[in-house]
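A.B. asks: Let me give you the structure first, and then I'll get to my questions.
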Amino acid sequence: MTSFTLHGGQVHHTWDRSIAPVTTLAPGDEATLQLRDAGGGQLTAESTAADLGKLDFGRLNPVTGPLYVEGAEPGDALVVDILDVEVGEWGWTACIPGFGLLADEFPDPHLRISRIGGGHAELLPGLRIPVVPMIGTIGVAPPEPGPHSVIPPRRWGGNMDIRHIGPGARLILPVGVEGALLSAGDTHAAMGDGEVCGTGIETPATLRLRVDVRKAAAPRTPVIETHPVSARTGAALATTGIGPDLMEASRDAVRALIEEITARTGLAPEDAYLLCSVAADLKISEVVDAPNWVVSAHLERAVLGS
């Protein structure tokens with residue numbers, strides 16, 4: 001087994017099969033990747049909401065890589081074991097105009113800087129979120145000639161924002177091109193299922209992973225084997241959205257949770273929205289009783305101090 005280290009300057013901003021790999025791994029090798037935050041370093045611990053309007057969107061969601069994996073060919077499965085994710089000492093969470101599940105209802109820029117330490121991220125004074133590191137963007141190059149935006153996820157992985165892709169997890173990706181060309185970025189100290197405002201607690205991080213190849217075993221879409229550390233088991237407050245459209249039901253469930261948070265804590269709606277994005281989990285609770293489906297939004301009561 002060989003170990004490689006990639007520094008934070010070895011990044012790209014699109015998926016493209018023509019991007020030259022920065023190193024080569026054999027099955028069983030480990031790699032340590034220094035990952036930039038989703039803002040690409042454009043925000044600092046001293047940034048304010050005014051800085052959101054200065055963001056260069058072409059620099060968002062940089063990914064470190066790509067890694068060429070020996071023996072990986074189209075039709076194979078690339079197995080990625082997430083060995084560790086060490087997050088930074090601070091992170092940011094924001095409403096970015098035009099982005100997020102309720103972008104039409106929260107049109108103004110809003111930013112909170114979290115201090116990270118002791119297993120928690122302090123989103124606001126006294127409002128501490130348990131740190132559960134995860135990788136928002138990880139994937140392989142698509143076979144279609146590129147470039148392709150890093151923002152939407154696709155069959156080959158990418159910006160999936162699945163909060164269970166963290167330490168101890170295994171990710172299985174279909175290989176689309178020779179060598180797979182694996183890259184990763186967009187790490188979070190914490191995030192809720194759905195990432196409803198469009199951001200988690202965005203932070204730079206150091207990722208350690210191991211790769212393997214399963215011949216002719218490509219899954220239809222990415223598969224994750226989760227680790228218990230990503231499970232939430234505490235008593236929760238859950239709100240619901242009910243109707244014939246899952247997206248509208250999701251919006252209704254989040255609206256209801258924002259209302260509950262503001263009523264119980266006195267937080268401003270904008271901060272309640274950020275809290276939903278970093279700590280609340282959207283769940284499809286029922287899709288069989290036509291014509292209406294149920295989406296629920298769950299927030300552990302301990303976050304609210306109850």
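Naming scheme: A, B, ... for chains in displayed order of the structure tokens; residues 1 onward per chain; ligands 1 onward as shown.
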Tell me, as a PyMOL selection string, which residues lie within 12 Å of Pro219 of chain A, counting only C-alpha atoms; anything in the same chain fewer than 5 positions away does not count.

C.D. replies: chain A and resi 74-79+155-157+171-176+214+224

A.B. asks: For those residues, write all heavy atoms to a file as a short mmCIF file (atom, residue, chain, number, x, y, z; two decimals), in the first residue's frame.

C.D. replies:
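Dumped everything to selection.cif:
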data_model
loop_
_atom_site.label_atom_id
_atom_site.label_comp_id
_atom_site.auth_asym_id
_atom_site.auth_seq_id
_atom_site.Cartn_x
_atom_site.Cartn_y
_atom_site.Cartn_z
N PRO A 74 -14.39 1.77 -17.68
CA PRO A 74 -15.84 1.92 -17.75
C PRO A 74 -16.55 0.59 -17.51
O PRO A 74 -16.15 -0.45 -18.05
CB PRO A 74 -16.06 2.44 -19.17
CG PRO A 74 -14.80 3.17 -19.49
CD PRO A 74 -13.70 2.38 -18.84
N GLY A 75 -17.58 0.63 -16.67
CA GLY A 75 -18.30 -0.58 -16.30
C GLY A 75 -17.85 -1.15 -14.98
O GLY A 75 -18.54 -2.01 -14.40
N ASP A 76 -16.70 -0.69 -14.46
CA ASP A 76 -16.23 -1.15 -13.16
C ASP A 76 -16.88 -0.31 -12.05
O ASP A 76 -17.48 0.74 -12.29
CB ASP A 76 -14.71 -1.00 -13.04
CG ASP A 76 -13.96 -1.94 -13.97
OD1 ASP A 76 -14.58 -2.89 -14.49
OD2 ASP A 76 -12.75 -1.70 -14.18
N ALA A 77 -16.70 -0.78 -10.82
CA ALA A 77 -17.08 -0.01 -9.64
C ALA A 77 -15.82 0.48 -8.96
O ALA A 77 -14.87 -0.29 -8.77
CB ALA A 77 -17.89 -0.87 -8.68
N LEU A 78 -15.82 1.77 -8.61
CA LEU A 78 -14.75 2.34 -7.80
C LEU A 78 -15.23 2.37 -6.35
O LEU A 78 -16.28 2.96 -6.05
CB LEU A 78 -14.40 3.74 -8.26
CG LEU A 78 -13.27 4.42 -7.46
CD1 LEU A 78 -11.94 3.74 -7.73
CD2 LEU A 78 -13.19 5.91 -7.80
N VAL A 79 -14.50 1.74 -5.47
CA VAL A 79 -14.85 1.68 -4.05
C VAL A 79 -13.97 2.68 -3.31
O VAL A 79 -12.73 2.60 -3.38
CB VAL A 79 -14.66 0.27 -3.48
CG1 VAL A 79 -15.04 0.23 -2.00
CG2 VAL A 79 -15.49 -0.73 -4.28
N ARG A 155 -25.09 10.74 -12.32
CA ARG A 155 -24.85 9.31 -12.08
C ARG A 155 -23.44 9.05 -11.54
O ARG A 155 -23.23 8.11 -10.77
CB ARG A 155 -25.05 8.52 -13.38
CG ARG A 155 -24.86 7.02 -13.16
CD ARG A 155 -24.70 6.22 -14.44
NE ARG A 155 -24.39 4.83 -14.10
CZ ARG A 155 -23.89 3.95 -14.96
NH1 ARG A 155 -23.66 4.30 -16.21
NH2 ARG A 155 -23.63 2.71 -14.56
N TRP A 156 -22.50 9.87 -11.91
CA TRP A 156 -21.10 9.67 -11.56
C TRP A 156 -20.74 10.27 -10.20
O TRP A 156 -19.58 10.32 -9.84
CB TRP A 156 -20.22 10.24 -12.67
CG TRP A 156 -20.74 9.85 -14.01
CD1 TRP A 156 -21.42 10.64 -14.89
CD2 TRP A 156 -20.70 8.55 -14.60
NE1 TRP A 156 -21.80 9.93 -16.00
CE2 TRP A 156 -21.37 8.63 -15.85
CE3 TRP A 156 -20.16 7.32 -14.21
CZ2 TRP A 156 -21.51 7.54 -16.70
CZ3 TRP A 156 -20.29 6.23 -15.06
CH2 TRP A 156 -20.97 6.35 -16.28
N GLY A 157 -21.75 10.69 -9.45
CA GLY A 157 -21.52 11.29 -8.15
C GLY A 157 -21.51 12.80 -8.25
O GLY A 157 -22.37 13.40 -8.88
N LEU A 171 -18.17 4.53 -0.18
CA LEU A 171 -18.89 5.02 -1.36
C LEU A 171 -18.50 4.17 -2.55
O LEU A 171 -17.31 3.94 -2.80
CB LEU A 171 -18.55 6.49 -1.61
CG LEU A 171 -19.08 7.13 -2.89
CD1 LEU A 171 -20.60 7.18 -2.87
CD2 LEU A 171 -18.50 8.53 -3.06
N ILE A 172 -19.51 3.69 -3.28
CA ILE A 172 -19.27 2.87 -4.47
C ILE A 172 -19.80 3.62 -5.68
O ILE A 172 -20.99 3.93 -5.76
CB ILE A 172 -19.95 1.49 -4.33
CG1 ILE A 172 -19.50 0.80 -3.03
CG2 ILE A 172 -19.63 0.61 -5.54
CD1 ILE A 172 -20.32 -0.42 -2.67
N LEU A 173 -18.90 3.96 -6.60
CA LEU A 173 -19.24 4.78 -7.76
C LEU A 173 -19.09 3.98 -9.06
O LEU A 173 -18.15 3.18 -9.20
CB LEU A 173 -18.31 5.99 -7.84
CG LEU A 173 -18.41 7.03 -6.72
CD1 LEU A 173 -17.17 7.92 -6.72
CD2 LEU A 173 -19.67 7.86 -6.90
N PRO A 174 -19.97 4.22 -10.04
CA PRO A 174 -19.73 3.64 -11.36
C PRO A 174 -18.56 4.37 -12.03
O PRO A 174 -18.39 5.58 -11.87
CB PRO A 174 -21.05 3.90 -12.10
CG PRO A 174 -21.61 5.12 -11.42
CD PRO A 174 -21.18 5.05 -9.99
N VAL A 175 -17.74 3.64 -12.73
CA VAL A 175 -16.61 4.23 -13.45
C VAL A 175 -17.05 4.55 -14.87
O VAL A 175 -17.61 3.70 -15.56
CB VAL A 175 -15.40 3.27 -13.45
CG1 VAL A 175 -14.27 3.83 -14.32
CG2 VAL A 175 -14.92 3.03 -12.02
N GLY A 176 -16.79 5.80 -15.30
CA GLY A 176 -17.20 6.21 -16.64
C GLY A 176 -16.07 6.34 -17.63
O GLY A 176 -16.29 6.30 -18.84
N ARG A 214 -13.71 -2.86 -8.32
CA ARG A 214 -14.43 -4.11 -8.53
C ARG A 214 -14.76 -4.20 -10.02
O ARG A 214 -15.49 -3.35 -10.56
CB ARG A 214 -15.71 -4.14 -7.71
CG ARG A 214 -15.49 -4.15 -6.20
CD ARG A 214 -16.81 -4.10 -5.45
NE ARG A 214 -16.62 -4.05 -4.00
CZ ARG A 214 -17.59 -3.80 -3.13
NH1 ARG A 214 -18.83 -3.58 -3.57
NH2 ARG A 214 -17.34 -3.77 -1.84
N ILE A 224 -23.96 3.96 -1.02
CA ILE A 224 -23.24 4.32 0.20
C ILE A 224 -23.48 3.26 1.27
O ILE A 224 -24.62 2.86 1.50
CB ILE A 224 -23.68 5.70 0.74
CG1 ILE A 224 -23.46 6.78 -0.30
CG2 ILE A 224 -22.95 6.05 2.03
CD1 ILE A 224 -24.70 7.16 -1.06
#

A.B. asks: Hey, could you make a per-residue contact list for segment 99-213 of chain A against segment 242-257 of chain A with 8 Å as the cut-off, showing the nearest pair of atoms and its distance in Å to one decimal, counting only C-alpha atoms, sorted by chain and number, as a tab-separated table?

C.D. replies:
residue	atom	partner	partner_atom	distance
A:Leu101	CA	A:Arg251	CA	6.6
A:Leu102	CA	A:Arg251	CA	6.8
A:Val196	CA	A:Val254	CA	8.0

A.B. asks: Given the selection you just returned, output its residues as a file containing C-alpha atoms, formatted as a tab-separated table (two decimals), in the first residue's frame.

C.D. replies:
chain	number	residue	atom	x	y	z
A	101	LEU	CA	-35.28	25.51	-1.24
A	102	LEU	CA	-37.00	28.72	-0.07
A	196	VAL	CA	-32.30	23.39	2.52

A.B. asks: Might you pull out every residue within 10 Å of Gly194 of chain A, with only C-alpha atoms counted and same-chain residues fewer than 3 positions away left off, and present them as a PyMOL selection string?

C.D. replies: chain A and resi 100-101+161-163+191+197-200+250+276-283+297

A.B. asks: Pull the closest atom pair for each residue of segment 178-244 of chain A that gets at most 6 Å from segment 67-72 of chain A, along with the distance in Å to one decimal, counting only C-alpha atoms, ordering rows by chain and then ascending residue number, as a Markdown table.

C.D. replies:
| residue | atom | partner | partner_atom | distance |
| --- | --- | --- | --- | --- |
| A:Glu178 | CA | A:Ala72 | CA | 5.8 |
| A:Gly179 | CA | A:Tyr68 | CA | 4.6 |
| A:Ala180 | CA | A:Ala72 | CA | 5.9 |
| A:Leu181 | CA | A:Tyr68 | CA | 4.9 |
| A:Leu182 | CA | A:Leu67 | CA | 4.9 |

A.B. asks: Rank A:Asp81, A:Glu105, A:Glu286, A:Asp186 by their smallest atom-to-atom distance to Pro27 of chain A, using only C-alpha atoms, and report the top residue only.

C.D. replies: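 Among the listed residues, A:Asp81 lies closest to Pro27 of chain A.
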
A.B. asks: Which is closer to Ala49 of chain A than all the others in A:Gly117, A:Pro97, A:Pro269, A:Pro130, using only C-alpha atoms?

C.D. replies: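 Result for the nearest residue to Ala49 of chain A: A:Pro97.
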
A.B. asks: Excluding segment 38-43 of chain A and residues on its chain fewer than 4 positions from it, collect all residues at most 12 Å away from it, counting only C-alpha atoms, and give them as a ChimeraX atom specification.

C.D. replies: /A:8-9,11-13,47-64,90-94,96,111-113,135-137,150-151,159,161,184-189,198-205

A.B. asks: May I ask which of the residues A:Val140, A:Thr32, A:Leu127, A:Phe99 is the closest one to Gly305 of chain A, counting only C-alpha atoms?

C.D. replies: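 For Gly305 of chain A, the nearest of the given residues is A:Leu127.
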
A.B. asks: Could you please write out, as a PyMOL selection string, every residue of segment 225-289 of chain A that DSSP assigns to alpha helix (DSSP H)?

C.D. replies: chain A and resi 246-265+269-279

A.B. asks: I need the residues from that last selection saved to file as a short mmCIF file (atom, residue, chain, number, x, y, z; two decimals), in the first residue's frame (with N, CA, C and O atoms), if you can.

C.D. replies:
data_model
loop_
_atom_site.label_atom_id
_atom_site.label_comp_id
_atom_site.auth_asym_id
_atom_site.auth_seq_id
_atom_site.Cartn_x
_atom_site.Cartn_y
_atom_site.Cartn_z
N LEU A 246 -43.90 16.37 -4.09
CA LEU A 246 -42.89 16.19 -3.05
C LEU A 246 -42.07 17.45 -2.81
O LEU A 246 -41.68 17.74 -1.68
N MET A 247 -41.81 18.23 -3.86
CA MET A 247 -41.04 19.46 -3.67
C MET A 247 -41.83 20.47 -2.85
O MET A 247 -41.31 21.09 -1.91
N GLU A 248 -43.10 20.63 -3.17
CA GLU A 248 -43.92 21.57 -2.40
C GLU A 248 -44.12 21.07 -0.97
O GLU A 248 -44.16 21.87 -0.02
N ALA A 249 -44.25 19.76 -0.80
CA ALA A 249 -44.37 19.21 0.55
C ALA A 249 -43.09 19.46 1.34
O ALA A 249 -43.13 19.76 2.54
N SER A 250 -41.94 19.38 0.67
CA SER A 250 -40.67 19.68 1.34
C SER A 250 -40.62 21.13 1.77
O SER A 250 -40.20 21.45 2.90
N ARG A 251 -41.06 22.01 0.90
CA ARG A 251 -41.09 23.44 1.25
C ARG A 251 -42.01 23.69 2.44
O ARG A 251 -41.68 24.45 3.36
N ASP A 252 -43.18 23.04 2.42
CA ASP A 252 -44.13 23.23 3.52
C ASP A 252 -43.56 22.72 4.84
O ASP A 252 -43.75 23.35 5.89
N ALA A 253 -42.87 21.58 4.80
CA ALA A 253 -42.31 21.03 6.03
C ALA A 253 -41.23 21.96 6.60
O ALA A 253 -41.16 22.16 7.82
N VAL A 254 -40.42 22.55 5.73
CA VAL A 254 -39.38 23.45 6.20
C VAL A 254 -39.99 24.76 6.71
O VAL A 254 -39.57 25.29 7.76
N ARG A 255 -40.99 25.28 6.01
CA ARG A 255 -41.67 26.48 6.50
C ARG A 255 -42.20 26.25 7.92
O ARG A 255 -42.06 27.09 8.81
N ALA A 256 -42.83 25.10 8.11
CA ALA A 256 -43.42 24.79 9.41
C ALA A 256 -42.35 24.67 10.49
O ALA A 256 -42.54 25.11 11.63
N LEU A 257 -41.18 24.10 10.12
CA LEU A 257 -40.11 23.96 11.11
C LEU A 257 -39.52 25.32 11.45
O LEU A 257 -39.21 25.59 12.62
N ILE A 258 -39.37 26.19 10.47
CA ILE A 258 -38.90 27.54 10.75
C ILE A 258 -39.84 28.24 11.72
O ILE A 258 -39.41 28.90 12.69
N GLU A 259 -41.14 28.10 11.50
CA GLU A 259 -42.12 28.72 12.39
C GLU A 259 -42.01 28.17 13.81
O GLU A 259 -42.09 28.92 14.79
N GLU A 260 -41.82 26.85 13.93
CA GLU A 260 -41.68 26.25 15.26
C GLU A 260 -40.41 26.74 15.95
O GLU A 260 -40.42 27.04 17.15
N ILE A 261 -39.32 26.82 15.21
CA ILE A 261 -38.06 27.26 15.81
C ILE A 261 -38.17 28.70 16.29
O ILE A 261 -37.76 29.04 17.42
N THR A 262 -38.72 29.57 15.45
CA THR A 262 -38.82 30.98 15.85
C THR A 262 -39.74 31.14 17.05
O THR A 262 -39.46 31.94 17.95
N ALA A 263 -40.83 30.37 17.09
CA ALA A 263 -41.77 30.48 18.21
C ALA A 263 -41.15 29.98 19.51
O ALA A 263 -41.39 30.53 20.58
N ARG A 264 -40.31 28.94 19.42
CA ARG A 264 -39.75 28.32 20.62
C ARG A 264 -38.47 29.00 21.11
O ARG A 264 -38.13 28.89 22.29
N THR A 265 -37.76 29.66 20.22
CA THR A 265 -36.44 30.20 20.58
C THR A 265 -36.32 31.70 20.44
O THR A 265 -35.40 32.29 21.03
N PRO A 269 -36.26 34.50 11.59
CA PRO A 269 -36.54 33.47 10.58
C PRO A 269 -35.33 33.12 9.73
O PRO A 269 -35.14 31.95 9.37
N GLU A 270 -34.49 34.12 9.40
CA GLU A 270 -33.31 33.84 8.58
C GLU A 270 -32.36 32.88 9.29
O GLU A 270 -31.80 31.96 8.66
N ASP A 271 -32.18 33.07 10.61
CA ASP A 271 -31.30 32.18 11.34
C ASP A 271 -31.94 30.81 11.55
O ASP A 271 -31.24 29.78 11.55
N ALA A 272 -33.26 30.77 11.71
CA ALA A 272 -33.95 29.49 11.80
C ALA A 272 -33.80 28.70 10.51
O ALA A 272 -33.64 27.46 10.53
N TYR A 273 -33.83 29.39 9.38
CA TYR A 273 -33.64 28.76 8.07
C TYR A 273 -32.23 28.16 7.98
O TYR A 273 -32.06 27.01 7.54
N LEU A 274 -31.21 28.91 8.41
CA LEU A 274 -29.85 28.38 8.41
C LEU A 274 -29.75 27.16 9.32
O LEU A 274 -29.10 26.16 8.97
N LEU A 275 -30.38 27.23 10.48
CA LEU A 275 -30.35 26.10 11.42
C LEU A 275 -30.97 24.85 10.78
O LEU A 275 -30.43 23.74 10.91
N CYS A 276 -32.08 25.02 10.08
CA CYS A 276 -32.69 23.89 9.37
C CYS A 276 -31.70 23.26 8.40
O CYS A 276 -31.64 22.04 8.25
N SER A 277 -30.93 24.11 7.72
CA SER A 277 -30.02 23.62 6.69
C SER A 277 -28.85 22.84 7.27
O SER A 277 -28.38 21.88 6.65
N VAL A 278 -28.38 23.21 8.46
CA VAL A 278 -27.20 22.56 9.01
C VAL A 278 -27.52 21.44 9.99
O VAL A 278 -26.64 20.63 10.30
N ALA A 279 -28.79 21.37 10.47
CA ALA A 279 -29.07 20.39 11.53
C ALA A 279 -30.37 19.62 11.38
O ALA A 279 -30.57 18.65 12.12
#

A.B. asks: Quick check, in Å to one decimal: how far apart do atom CA of Gly241 of chain A and atom CA of Val294 of chain A lie?

C.D. replies: 5.8 Å

A.B. asks: Using atom CA of Glu122 of chain A and atom CA of Cys95 of chain A as the two end points, give the distance in Å to one decimal.

C.D. replies: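 These two atoms are separated by 17.3 Å.
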
A.B. asks: May I ask which of the residues A:Ala121, A:Val177, A:Val223, A:Ser306 is the closest one to Met160 of chain A, counting only C-alpha atoms?

C.D. replies: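 Closest to Met160 of chain A of all the choices is A:Val223.
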
A.B. asks: Find the spatial neighbours of Ser3 of chain A, counting only C-alpha atoms, within a cut-off of 12 Å - ignore same-chain residues fewer than 4 positions away - and output them as a list of chain:residue names.

C.D. replies: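 Here the qualifying residues turn out to be A:Thr23, A:Thr24, A:Leu25, A:Ala26, A:Pro27, A:Gly28, A:Asp29, A:Glu30, A:Ala31, A:Thr32, A:Leu33, A:Arg208, A:Leu209, A:Arg210, A:Val211.
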